[in-house]
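Enquirer: Have a peek at target-v5.pdb (PDB, C-alpha atoms and all ligand atoms).
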```
ATOM      1  CA  MET D   1      20.366  14.352 -25.729
ATOM      2  CA  LYS D   2      21.738  12.918 -28.950
ATOM      3  CA  CYS D   3      23.445   9.589 -29.580
ATOM      4  CA  LYS D   4      27.205  10.086 -29.493
ATOM      5  CA  SER D   5      27.569   7.794 -32.530
ATOM      6  CA  CYS D   6      24.886   9.003 -34.969
ATOM      7  CA  LYS D   7      23.172  12.057 -33.433
ATOM      8  CA  LYS D   8      19.729  10.398 -33.371
ATOM      9  CA  PRO D   9      17.756  10.851 -30.111
ATOM     10  CA  ALA D  10      19.457   8.958 -27.281
ATOM     11  CA  ILE D  11      17.495   6.403 -25.286
ATOM     12  CA  TYR D  12      20.251   5.734 -22.742
ATOM     13  CA  LEU D  13      22.426   8.183 -20.891
ATOM     14  CA  ASN D  14      25.635   6.600 -19.755
ATOM     15  CA  PRO D  15      26.834   5.875 -22.483
ATOM     16  CA  THR D  16      24.645   8.272 -24.470
ATOM     17  CA  LEU D  17      23.325   6.125 -27.314
ATOM     18  CA  CYS D  18      20.287   5.668 -29.560
ATOM     19  CA  LYS D  19      18.320   2.421 -29.733
ATOM     20  CA  ASN D  20      20.460   0.769 -32.437
ATOM     21  CA  HIS D  21      23.815   1.862 -31.104
ATOM     22  CA  PHE D  22      22.831   0.869 -27.574
ATOM     23  CA  SER D  23      21.950  -2.674 -28.702
ATOM     24  CA  SER D  24      25.186  -3.088 -30.642
ATOM     25  CA  TYR D  25      27.151  -1.646 -27.673
ATOM     26  CA  ILE D  26      25.636  -4.338 -25.396
ATOM     27  CA  GLU D  27      26.267  -7.142 -27.883
ATOM     28  CA  LYS D  28      29.871  -6.039 -28.439
ATOM     29  CA  LYS D  29      30.417  -5.947 -24.689
ATOM     30  CA  VAL D  30      29.181  -9.540 -24.357
ATOM     31  CA  PHE D  31      31.304 -10.857 -27.234
ATOM     32  CA  SER D  32      34.372  -9.020 -25.940
ATOM     33  CA  THR D  33      33.883 -10.625 -22.472
ATOM     34  CA  ILE D  34      33.673 -14.004 -24.227
ATOM     35  CA  SER D  35      36.897 -13.429 -26.113
ATOM     36  CA  LYS D  36      38.841 -11.684 -23.309
ATOM     37  CA  TYR D  37      38.126 -14.450 -20.791
ATOM     38  CA  LYS D  38      38.155 -17.258 -23.396
ATOM     39  CA  LEU D  39      34.663 -18.293 -22.307
ATOM     40  CA  LEU D  40      33.679 -20.151 -25.477
ATOM     41  CA  LYS D  41      35.095 -21.872 -28.514
ATOM     42  CA  ILE D  42      32.959 -22.175 -31.612
ATOM     43  CA  SER D  43      33.196 -25.982 -31.296
ATOM     44  CA  ASP D  44      31.849 -25.969 -27.692
ATOM     45  CA  LYS D  45      28.560 -27.692 -26.990
ATOM     46  CA  ILE D  46      26.663 -24.992 -25.123
ATOM     47  CA  ILE D  47      23.620 -25.070 -22.910
ATOM     48  CA  ILE D  48      22.013 -21.910 -21.576
ATOM     49  CA  ALA D  49      20.396 -22.020 -18.157
ATOM     50  CA  ALA D  50      17.309 -19.891 -18.675
ATOM     51  CA  SER D  51      14.333 -18.771 -16.641
ATOM     52  CA  GLY D  52      12.483 -16.644 -19.169
ATOM     53  CA  GLY D  53      13.457 -13.420 -17.370
ATOM     54  CA  LYS D  54      15.313 -10.426 -18.810
ATOM     55  CA  ASP D  55      18.824 -11.804 -18.180
ATOM     56  CA  SER D  56      18.374 -15.222 -19.726
ATOM     57  CA  LEU D  57      16.414 -13.909 -22.732
ATOM     58  CA  THR D  58      19.137 -11.324 -23.366
ATOM     59  CA  LEU D  59      21.763 -14.045 -23.109
ATOM     60  CA  LEU D  60      19.851 -16.342 -25.475
ATOM     61  CA  ASN D  61      19.230 -13.531 -27.934
ATOM     62  CA  ILE D  62      22.880 -12.485 -28.096
ATOM     63  CA  LEU D  63      24.602 -15.889 -27.989
ATOM     64  CA  SER D  64      22.313 -17.427 -30.599
ATOM     65  CA  LYS D  65      23.564 -14.803 -33.071
ATOM     66  CA  LYS D  66      26.981 -16.505 -33.197
ATOM     67  CA  PHE D  67      26.706 -19.890 -31.489
ATOM     68  CA  LYS D  68      24.554 -22.977 -31.726
ATOM     69  CA  VAL D  69      22.791 -23.067 -28.372
ATOM     70  CA  ASN D  70      20.551 -25.365 -26.359
ATOM     71  CA  CYS D  71      18.463 -24.266 -23.439
ATOM     72  CA  ILE D  72      17.475 -25.731 -20.076
ATOM     73  CA  ALA D  73      14.983 -24.333 -17.564
ATOM     74  CA  VAL D  74      13.932 -25.437 -14.106
ATOM     75  CA  ASP D  75      10.305 -25.371 -13.004
ATOM     76  CA  GLU D  76      10.316 -25.058  -9.218
ATOM     77  CA  GLY D  77       6.535 -24.860  -9.133
ATOM     78  CA  ILE D  78       6.402 -21.272  -7.815
ATOM     79  CA  ASP D  79       2.789 -20.105  -8.092
ATOM     80  CA  ASN D  80       1.945 -16.862  -9.897
ATOM     81  CA  TYR D  81       5.422 -16.627 -11.362
ATOM     82  CA  ARG D  82       7.133 -19.560 -13.020
ATOM     83  CA  GLU D  83       4.281 -20.514 -15.311
ATOM     84  CA  SER D  84       4.364 -17.071 -16.892
ATOM     85  CA  THR D  85       8.180 -16.874 -17.373
ATOM     86  CA  LEU D  86       8.233 -20.398 -18.854
ATOM     87  CA  LYS D  87       5.508 -19.406 -21.280
ATOM     88  CA  THR D  88       7.677 -16.500 -22.517
ATOM     89  CA  LEU D  89      10.709 -18.769 -22.713
ATOM     90  CA  LYS D  90       8.891 -21.506 -24.632
ATOM     91  CA  ALA D  91       7.591 -18.953 -27.159
ATOM     92  CA  PHE D  92      11.076 -17.467 -27.580
ATOM     93  CA  CYS D  93      12.751 -20.847 -28.119
ATOM     94  CA  ARG D  94      10.029 -22.016 -30.483
ATOM     95  CA  LYS D  95      10.417 -18.871 -32.609
ATOM     96  CA  ARG D  96      14.224 -19.197 -32.739
ATOM     97  CA  LYS D  97      14.210 -22.996 -33.062
ATOM     98  CA  ILE D  98      16.332 -23.373 -29.930
ATOM     99  CA  PRO D  99      15.988 -26.820 -28.300
ATOM    100  CA  LEU D 100      14.527 -26.378 -24.804
ATOM    101  CA  LYS D 101      14.447 -28.878 -21.948
ATOM    102  CA  ILE D 102      12.373 -28.164 -18.830
ATOM    103  CA  VAL D 103      13.049 -30.115 -15.651
ATOM    104  CA  SER D 104      10.791 -29.792 -12.628
ATOM    105  CA  PHE D 105      11.203 -30.093  -8.857
ATOM    106  CA  LYS D 106       8.005 -32.117  -8.802
ATOM    107  CA  LYS D 107       9.292 -34.767 -11.149
ATOM    108  CA  GLU D 108      12.885 -34.794  -9.901
ATOM    109  CA  PHE D 109      12.382 -34.386  -6.157
ATOM    110  CA  GLY D 110       8.739 -35.303  -5.608
ATOM    111  CA  GLY D 111       7.255 -31.886  -4.802
ATOM    112  CA  LYS D 112       7.110 -28.142  -5.449
ATOM    113  CA  LEU D 113       9.660 -25.799  -3.837
ATOM    114  CA  GLU D 114       7.337 -24.931  -0.936
ATOM    115  CA  VAL D 115       7.324 -28.481   0.468
ATOM    116  CA  PHE D 116      11.099 -28.490   0.979
ATOM    117  CA  ILE D 117      11.241 -25.267   3.002
ATOM    118  CA  ILE D 118      11.489 -25.850   6.716
ATOM    119  CA  PRO D 119      10.414 -23.164   9.251
ATOM    120  CA  LYS D 120      12.721 -20.132   9.438
ATOM    121  CA  GLN D 121      14.439 -21.125   6.200
ATOM    122  CA  LYS D 122      14.527 -18.641   3.296
ATOM    123  CA  PRO D 123      12.998 -20.058   0.069
ATOM    124  CA  CYS D 124      15.937 -18.865  -2.061
ATOM    125  CA  ALA D 125      18.496 -20.843  -0.054
ATOM    126  CA  VAL D 126      16.632 -24.098  -0.736
ATOM    127  CA  CYS D 127      15.652 -23.159  -4.271
ATOM    128  CA  GLY D 128      19.190 -22.122  -5.236
ATOM    129  CA  THR D 129      20.682 -25.412  -4.042
ATOM    130  CA  LEU D 130      18.089 -27.543  -5.845
ATOM    131  CA  ARG D 131      18.227 -25.451  -9.037
ATOM    132  CA  ARG D 132      22.037 -25.603  -9.255
ATOM    133  CA  TYR D 133      21.896 -29.347  -8.631
ATOM    134  CA  LEU D 134      19.466 -29.940 -11.512
ATOM    135  CA  MET D 135      21.300 -27.618 -13.893
ATOM    136  CA  ASN D 136      24.543 -29.463 -13.269
ATOM    137  CA  LYS D 137      22.929 -32.891 -13.423
ATOM    138  CA  HIS D 138      21.289 -32.211 -16.791
ATOM    139  CA  SER D 139      24.198 -30.452 -18.475
ATOM    140  CA  LYS D 140      26.678 -33.339 -18.383
ATOM    141  CA  LYS D 141      26.863 -33.829 -22.134
ATOM    142  CA  PHE D 142      27.686 -30.160 -22.710
ATOM    143  CA  ASP D 143      31.067 -28.420 -22.527
ATOM    144  CA  LYS D 144      29.747 -25.207 -20.995
ATOM    145  CA  ILE D 145      26.678 -24.092 -19.120
ATOM    146  CA  CYS D 146      25.987 -20.359 -19.635
ATOM    147  CA  THR D 147      24.122 -18.379 -17.032
ATOM    148  CA  GLY D 148      22.673 -14.868 -17.153
ATOM    149  CA  HIS D 149      24.433 -13.497 -14.048
ATOM    150  CA  ASN D 150      25.172  -9.805 -14.410
ATOM    151  CA  LEU D 151      27.422  -7.269 -12.710
ATOM    152  CA  ASP D 152      24.834  -6.464 -10.040
ATOM    153  CA  ASP D 153      24.328 -10.157  -9.152
ATOM    154  CA  GLU D 154      28.037 -10.719  -8.919
ATOM    155  CA  ALA D 155      28.775  -7.650  -6.789
ATOM    156  CA  GLN D 156      25.958  -8.780  -4.448
ATOM    157  CA  SER D 157      27.434 -12.283  -4.212
ATOM    158  CA  VAL D 158      30.888 -10.973  -3.331
ATOM    159  CA  ILE D 159      29.467  -8.841  -0.509
ATOM    160  CA  MET D 160      27.123 -11.614   0.726
ATOM    161  CA  ASN D 161      29.973 -14.111   0.884
ATOM    162  CA  LEU D 162      32.172 -11.561   2.607
ATOM    163  CA  ILE D 163      29.548 -10.778   5.264
ATOM    164  CA  ARG D 164      29.038 -14.506   5.890
ATOM    165  CA  SER D 165      32.743 -15.323   5.604
ATOM    166  CA  ASN D 166      31.904 -17.873   2.941
ATOM    167  CA  THR D 167      35.199 -17.967   1.077
ATOM    168  CA  SER D 168      34.530 -21.201  -0.745
ATOM    169  CA  LEU D 169      31.323 -19.856  -2.338
ATOM    170  CA  ASN D 170      33.424 -17.231  -4.097
ATOM    171  CA  ALA D 171      34.759 -20.055  -6.270
ATOM    172  CA  ARG D 172      31.510 -19.694  -8.191
ATOM    173  CA  GLY D 173      32.317 -16.039  -8.867
ATOM    174  CA  GLY D 174      33.989 -14.580 -11.949
ATOM    175  CA  PRO D 175      33.110 -14.808 -15.663
ATOM    176  CA  ILE D 176      34.243 -18.446 -15.717
ATOM    177  CA  THR D 177      34.326 -20.937 -12.894
ATOM    178  CA  GLY D 178      37.345 -23.150 -12.678
ATOM    179  CA  LEU D 179      35.278 -26.061 -11.455
ATOM    180  CA  SER D 180      35.594 -28.076 -14.668
ATOM    181  CA  SER D 181      38.741 -29.490 -13.082
ATOM    182  CA  PHE D 182      36.463 -31.375 -10.655
ATOM    183  CA  GLU D 183      34.869 -34.434 -12.091
ATOM    184  CA  GLY D 184      31.080 -34.165 -12.226
ATOM    185  CA  PHE D 185      30.872 -30.391 -12.733
ATOM    186  CA  THR D 186      30.095 -28.758 -16.053
ATOM    187  CA  GLN D 187      32.054 -25.550 -16.448
ATOM    188  CA  LYS D 188      29.905 -22.469 -15.882
ATOM    189  CA  ILE D 189      30.367 -19.238 -17.794
ATOM    190  CA  LYS D 190      28.724 -15.823 -17.416
ATOM    191  CA  PRO D 191      28.896 -13.796 -20.637
ATOM    192  CA  LEU D 192      26.809 -10.933 -19.118
ATOM    193  CA  TYR D 193      29.275 -10.556 -16.259
ATOM    194  CA  PHE D 194      30.177  -6.915 -17.003
ATOM    195  CA  LEU D 195      26.662  -5.702 -17.875
ATOM    196  CA  LYS D 196      24.659  -3.730 -15.346
ATOM    197  CA  GLU D 197      21.132  -4.875 -14.532
ATOM    198  CA  LYS D 198      19.785  -1.575 -15.873
ATOM    199  CA  GLU D 199      21.570  -2.111 -19.206
ATOM    200  CA  ILE D 200      20.112  -5.613 -19.550
ATOM    201  CA  MET D 201      16.612  -4.447 -18.700
ATOM    202  CA  THR D 202      16.873  -1.700 -21.337
ATOM    203  CA  TYR D 203      18.247  -4.127 -23.949
ATOM    204  CA  ALA D 204      15.505  -6.693 -23.250
ATOM    205  CA  PHE D 205      12.669  -4.183 -23.669
ATOM    206  CA  LEU D 206      14.229  -2.429 -26.688
ATOM    207  CA  ASN D 207      14.548  -5.770 -28.452
ATOM    208  CA  ASN D 208      11.028  -6.884 -27.497
ATOM    209  CA  LEU D 209      12.320  -9.899 -25.613
ATOM    210  CA  LEU D 210       9.681  -9.538 -22.909
ATOM    211  CA  ASP D 211       6.464  -7.609 -22.376
ATOM    212  CA  GLU D 212       6.504  -7.135 -18.641
ATOM    213  CA  TYR D 213       8.940  -7.500 -15.789
ATOM    214  CA  ILE D 214       7.857  -9.946 -13.128
ATOM    215  CA  GLU D 215       9.888 -10.895 -10.120
ATOM    216  CA  CYS D 216       9.708 -14.106  -8.147
ATOM    217  CA  PRO D 217       7.457 -13.468  -5.098
ATOM    218  CA  ASN D 218      10.120 -15.055  -2.874
ATOM    219  CA  ALA D 219      12.888 -12.684  -3.979
ATOM    220  CA  VAL D 220      11.946  -9.939  -1.475
ATOM    221  CA  LEU D 221      12.421 -12.373   1.410
ATOM    222  CA  SER D 222      15.989 -13.174   0.461
ATOM    223  CA  TYR D 223      19.209 -12.019   2.040
ATOM    224  CA  ARG D 224      20.305 -11.054  -1.478
ATOM    225  CA  ALA D 225      17.456  -8.515  -1.720
ATOM    226  CA  LYS D 226      18.787  -6.705   1.361
ATOM    227  CA  VAL D 227      22.308  -6.595  -0.061
ATOM    228  CA  ARG D 228      20.896  -5.501  -3.440
ATOM    229  CA  ASP D 229      19.074  -2.521  -1.864
ATOM    230  CA  LEU D 230      22.144  -1.597   0.112
ATOM    231  CA  LEU D 231      24.404  -1.680  -2.950
ATOM    232  CA  ASN D 232      21.886   0.205  -5.119
ATOM    233  CA  ASP D 233      21.729   2.916  -2.499
ATOM    234  CA  TYR D 234      25.519   3.054  -2.269
ATOM    235  CA  GLU D 235      25.910   3.054  -6.061
ATOM    236  CA  GLU D 236      23.615   6.050  -6.333
ATOM    237  CA  LYS D 237      25.670   8.001  -3.849
ATOM    238  CA  HIS D 238      29.024   6.688  -5.082
ATOM    239  CA  PRO D 239      28.798   5.703  -8.769
ATOM    240  CA  GLY D 240      31.199   2.916  -9.709
ATOM    241  CA  THR D 241      30.846   1.029  -6.402
ATOM    242  CA  LYS D 242      29.653  -2.255  -7.977
ATOM    243  CA  LYS D 243      32.348  -2.164 -10.663
ATOM    244  CA  ASN D 244      34.977  -1.593  -7.995
ATOM    245  CA  ILE D 245      33.734  -4.584  -5.974
ATOM    246  CA  ILE D 246      34.025  -6.783  -9.076
ATOM    247  CA  ARG D 247      37.451  -5.356  -9.934
ATOM    248  CA  PHE D 248      38.675  -6.104  -6.413
ATOM    249  CA  PHE D 249      37.228  -9.612  -6.525
ATOM    250  CA  LEU D 250      38.752 -10.511  -9.905
ATOM    251  CA  LYS D 251      42.144  -9.266  -8.767
ATOM    252  CA  ASN D 252      42.011 -11.538  -5.724
ATOM    253  CA  LYS D 253      40.223 -14.531  -7.242
ATOM    254  CA  PRO D 254      43.378 -16.571  -7.967
ATOM    255  CA  LYS D 255      44.238 -16.503  -4.246
ATOM    256  CA  ILE D 256      40.681 -17.442  -3.236
ATOM    257  CA  TYR D 257      40.582 -20.193  -5.824
ATOM    258  CA  ARG D 258      43.784 -21.779  -4.492
ATOM    259  CA  THR D 259      42.037 -22.439  -1.170
ATOM    260  CA  ILE D 260      39.169 -24.152  -3.031
ATOM    261  CA  LEU D 261      41.521 -26.471  -4.867
ATOM    262  CA  GLU D 262      42.726 -27.700  -1.501
ATOM    263  CA  GLU D 263      39.170 -28.746  -0.566
ATOM    264  CA  LYS D 264      38.277 -32.327  -1.334
ATOM    265  CA  ILE D 265      35.236 -32.938  -3.542
ATOM    266  CA  ASN D 266      33.496 -36.256  -2.877
ATOM    267  CA  THR D 267      30.711 -38.072  -4.612
ATOM    268  CA  CYS D 268      27.292 -38.043  -2.924
ATOM    269  CA  LYS D 269      26.579 -41.555  -1.672
ATOM    270  CA  LYS D 270      22.880 -41.156  -2.462
ATOM    271  CA  CYS D 271      22.864 -39.719  -5.970
ATOM    272  CA  GLY D 272      26.442 -39.827  -7.247
ATOM    273  CA  GLU D 273      26.664 -36.078  -7.916
ATOM    274  CA  PRO D 274      29.656 -34.015  -6.652
ATOM    275  CA  SER D 275      29.462 -33.165  -2.966
ATOM    276  CA  LYS D 276      31.549 -31.642  -0.182
ATOM    277  CA  GLY D 277      30.289 -34.127   2.386
ATOM    278  CA  GLU D 278      29.116 -37.725   2.171
ATOM    279  CA  VAL D 279      25.648 -36.602   1.044
ATOM    280  CA  CYS D 280      25.136 -33.576  -1.232
ATOM    281  CA  SER D 281      23.070 -30.553  -0.138
ATOM    282  CA  ALA D 282      20.223 -31.382  -2.557
ATOM    283  CA  CYS D 283      19.849 -34.929  -1.209
ATOM    284  CA  GLY D 284      20.004 -33.469   2.318
ATOM    285  CA  ILE D 285      17.036 -31.173   1.577
ATOM    286  CA  VAL D 286      14.979 -33.889  -0.119
ATOM    287  CA  ASN D 287      15.759 -36.300   2.699
ATOM    288  CA  ASN D 288      14.489 -33.836   5.350
ATOM    289  CA  PHE D 289      11.227 -33.633   3.453
ATOM    290  CA  LYS D 290      10.856 -37.421   3.218
ATOM    291  CA  GLN D 291      11.632 -37.849   6.956
ATOM    292  CA  GLN D 292       8.340 -36.082   7.780
ATOM    293  CA  PHE D 293       6.469 -39.080   6.402
ATOM    294  CA  ILE D 294       8.371 -41.694   8.346
ATOM    295  CA  TRP D 295       6.768 -42.582  11.671
TER     296      TRP D 295
HETATM  297 FE1  LIG E   1      14.164 -19.484  -6.468
HETATM  298 FE2  LIG E   1      14.638 -17.326  -4.943
HETATM  299 FE3  LIG E   1      15.126 -17.262  -7.584
HETATM  300 FE4  LIG E   1      12.602 -17.342  -6.650
HETATM  301  S1  LIG E   1      14.106 -15.683  -6.338
HETATM  302  S2  LIG E   1      13.446 -18.540  -8.349
HETATM  303  S3  LIG E   1      12.850 -18.673  -4.847
HETATM  304  S4  LIG E   1      16.181 -18.531  -6.057
HETATM  305 ZN    ZN E   2      23.098 -36.319  -3.693
END
```
Would you put the structure from the file into structure tokens?
Expert:
Amino acid sequence: MKCKSCKKPAIYLNPTLCKNHFSSYIEKKVFSTISKYKLLKISDKIIIAASGGKDSLTLLNILSKKFKVNCIAVDEGIDNYRESTLKTLKAFCRKRKIPLKIVSFKKEFGGKLEVFIIPKQKPCAVCGTLRRYLMNKHSKKFDKICTGHNLDDEAQSVIMNLIRSNTSLNARGGPITGLSSFEGFTQKIKPLYFLKEKEIMTYAFLNNLLDEYIECPNAVLSYRAKVRDLLNDYEEKHPGTKKNIIRFFLKNKPKIYRTILEEKINTCKKCGEPSKGEVCSACGIVNNFKQQFIW
């Protein structure tokens, strides 16, 4: 197969492109998402939430071509995983002179992820809540926090929220969240929103952003992993399924978002961060852990 742009050997099939044209196709797609959805202004103070995996390194690599970026990472203390991804991230940021801040569960909450997980709870549910909390808490002086969510992640989230009838969680969906209108939230944007996971993986390896792909050992236990396998299977049999889910979601997002605006956002009485109830979910988790030591 030959690249449809220059006739050199193609390295990707749909679209059929060579190494160089594939990389510029991906970058153009990201910048056109940014301009179509008005995700960023050149004057914005931007922080990228990174983990050192393929998505965040791709995001850092592309955004730093046009914007001045800062980077934040969370160390949850996950053995045999996080140390290695942070090492890759630190090396990347050092090479590109991107300021990097690392915040850890241990320092912020008093322990590694594992200590906050109660029996029958899935690690990702706890981890996700605590990670989002720290990202928001440490991005206050920035206009936008950019995350590496891709089309696969977003299609999974739509289906997960649908299965669980979690309408309000869909407020986090879409290339830009509208939550800047709530005091205490930094607006979140997702420039990789329309890129497939496979495209990002290919881009990351072609551009030498990472040497090996490692997945968090907890990922297989998650509800998301089940939905991911289901959607991958469906996509193979019915190509375009994930795109259609996203298309449907974006069409209906304004209606979903209206219901969110009607929900009251409070301030957590323990930490002062935004919260639906009197105490935020992160303080709830940390409190459960501390209770074990009170006799
Ligand atoms: Fe945390 Fe789950 Fe992501 Fe691992 S896969 S970093 S446990 S949210
Ligand atoms: Zn709190």
Enquirer: Rounded to one decimal, what separation in Å do you get between CA of Asp211 (chain D) and atom S4 of ligand LIG 1 (chain E)?
Expert: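 Those two atoms sit 21.9 Å apart.
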Enquirer: Would you mind listing what lies within 9 Å of region 143-148 of chain D as a compact mmCIF listing (two decimals) with C-alpha atoms, keeping the file's coordinate frame, with all atoms listed in the file counted and same-chain residues fewer than 4 positions away left out?
Expert:
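Final output, result-v1.txt:
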```txt
# COMPACT_ATOMS: atom_id res chain seq x y z
CA LEU D 39 34.66 -18.29 -22.31
CA LEU D 40 33.68 -20.15 -25.48
CA ASP D 44 31.85 -25.97 -27.69
CA LYS D 45 28.56 -27.69 -26.99
CA ILE D 46 26.66 -24.99 -25.12
CA ILE D 47 23.62 -25.07 -22.91
CA ILE D 48 22.01 -21.91 -21.58
CA ALA D 49 20.40 -22.02 -18.16
CA ALA D 50 17.31 -19.89 -18.68
CA LYS D 54 15.31 -10.43 -18.81
CA ASP D 55 18.82 -11.80 -18.18
CA SER D 56 18.37 -15.22 -19.73
CA LEU D 57 16.41 -13.91 -22.73
CA THR D 58 19.14 -11.32 -23.37
CA LEU D 59 21.76 -14.04 -23.11
CA LEU D 60 19.85 -16.34 -25.48
CA MET D 135 21.30 -27.62 -13.89
CA ASN D 136 24.54 -29.46 -13.27
CA SER D 139 24.20 -30.45 -18.48
CA THR D 186 30.10 -28.76 -16.05
CA GLN D 187 32.05 -25.55 -16.45
CA LYS D 188 29.90 -22.47 -15.88
CA ILE D 189 30.37 -19.24 -17.79
CA LYS D 190 28.72 -15.82 -17.42
CA PRO D 191 28.90 -13.80 -20.64
CA LEU D 192 26.81 -10.93 -19.12
CA TYR D 193 29.28 -10.56 -16.26
```
Enquirer: Enumerate residues in contact with ligand ZN 2 (chain E): an atom-to-atom distance of at most 9 Å, counting all atoms listed in the file. Format the result as an NGL selection string.
Expert: :D and (133 or 267-275 or 278-284)
Enquirer: Which residue out of D:His138, D:Leu130, D:Pro119, D:Ser23 has the minimum interatomic distance to Cys71 (chain D) when only C-alpha atoms are used?
Expert: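 Ranking D:His138, D:Leu130, D:Pro119, D:Ser23 by distance to Cys71 (chain D), first place goes to D:His138.
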Enquirer: Quick one: residues within 12 Å of ligand LIG 1 (chain E), with all atoms listed in the file, as a PyMOL selection string?
Expert: chain D and resi 50-53+73-83+85-86+105+112-114+116-117+121-132+149+153+214-225
Enquirer: Return the single residue from D:Tyr37, D:Phe109, D:Phe205, D:Phe194 that is closest to Lys19 (chain D), with distances computed using only C-alpha atoms.
Expert: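 For Lys19 (chain D), the nearest of the given residues is D:Phe205.
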Enquirer: Running the PyMOL selection byres (((chain D and resi 16) around 8) and not hetatm) on this model by hand, what would come out? Give it as a list in words.
Expert: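 Output from the PyMOL selection byres (((chain D and resi 16) around 8) and not hetatm), applied to this file: Met1, Lys2, Cys3, Lys4, Ala10, Ile11, Tyr12, Leu13, Asn14, Pro15, Leu17 and Cys18 of chain D.
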Enquirer: Pick the closest to Asn288 (chain D) from D:Tyr234, D:Lys87, D:Ile118, D:Lys226: which is it, counting all atoms listed in the file?
Expert: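 Of the candidates, the smallest distance to Asn288 (chain D) is held by D:Ile118.
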Enquirer: Would you translate the PyMOL selection byres (((chain D and resi 158) around 9) and not hetatm) into the concrete set of residues it matches in this file, as a ChimeraX atom specification?
Expert: /D:153-157,159-163,169-170,173,245-246,249
Enquirer: To one decimal in Å, tell me the separation between CA of Cys6 (chain D) and CA of Asn20 (chain D).
Expert: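 Spanning CA of Cys6 (chain D) to CA of Asn20 (chain D) is a straight-line distance of 9.7 Å.
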Enquirer: Using only C-alpha atoms, determine which residues lie at most 12 Å from Lys65 (chain D), disregarding the query and same-chain residues fewer than 6 positions distant; provide the list as a PyMOL selection string.
Expert: chain D and resi 27-28+30-31+58-59+96+98
Enquirer: Give me a file of those residues, with C-alpha atoms, as a PDB file, in the frame of the given file.
Expert:
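Output file selection-v1.pdb is given in full below:
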```pdb
ATOM      1  CA  GLU D  27      26.267  -7.142 -27.883  1.00  0.00           C
ATOM      2  CA  LYS D  28      29.871  -6.039 -28.439  1.00  0.00           C
ATOM      3  CA  VAL D  30      29.181  -9.540 -24.357  1.00  0.00           C
ATOM      4  CA  PHE D  31      31.304 -10.857 -27.234  1.00  0.00           C
ATOM      5  CA  THR D  58      19.137 -11.324 -23.366  1.00  0.00           C
ATOM      6  CA  LEU D  59      21.763 -14.045 -23.109  1.00  0.00           C
ATOM      7  CA  ARG D  96      14.224 -19.197 -32.739  1.00  0.00           C
ATOM      8  CA  ILE D  98      16.332 -23.373 -29.930  1.00  0.00           C
TER       9      ILE D  98
END
```
Enquirer: Do you have the CA of Lys68 (chain D)-CA of His21 (chain D) distance handy?
Expert: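 Interatomic distance, CA of Lys68 (chain D) to CA of His21 (chain D): 24.9 Å.
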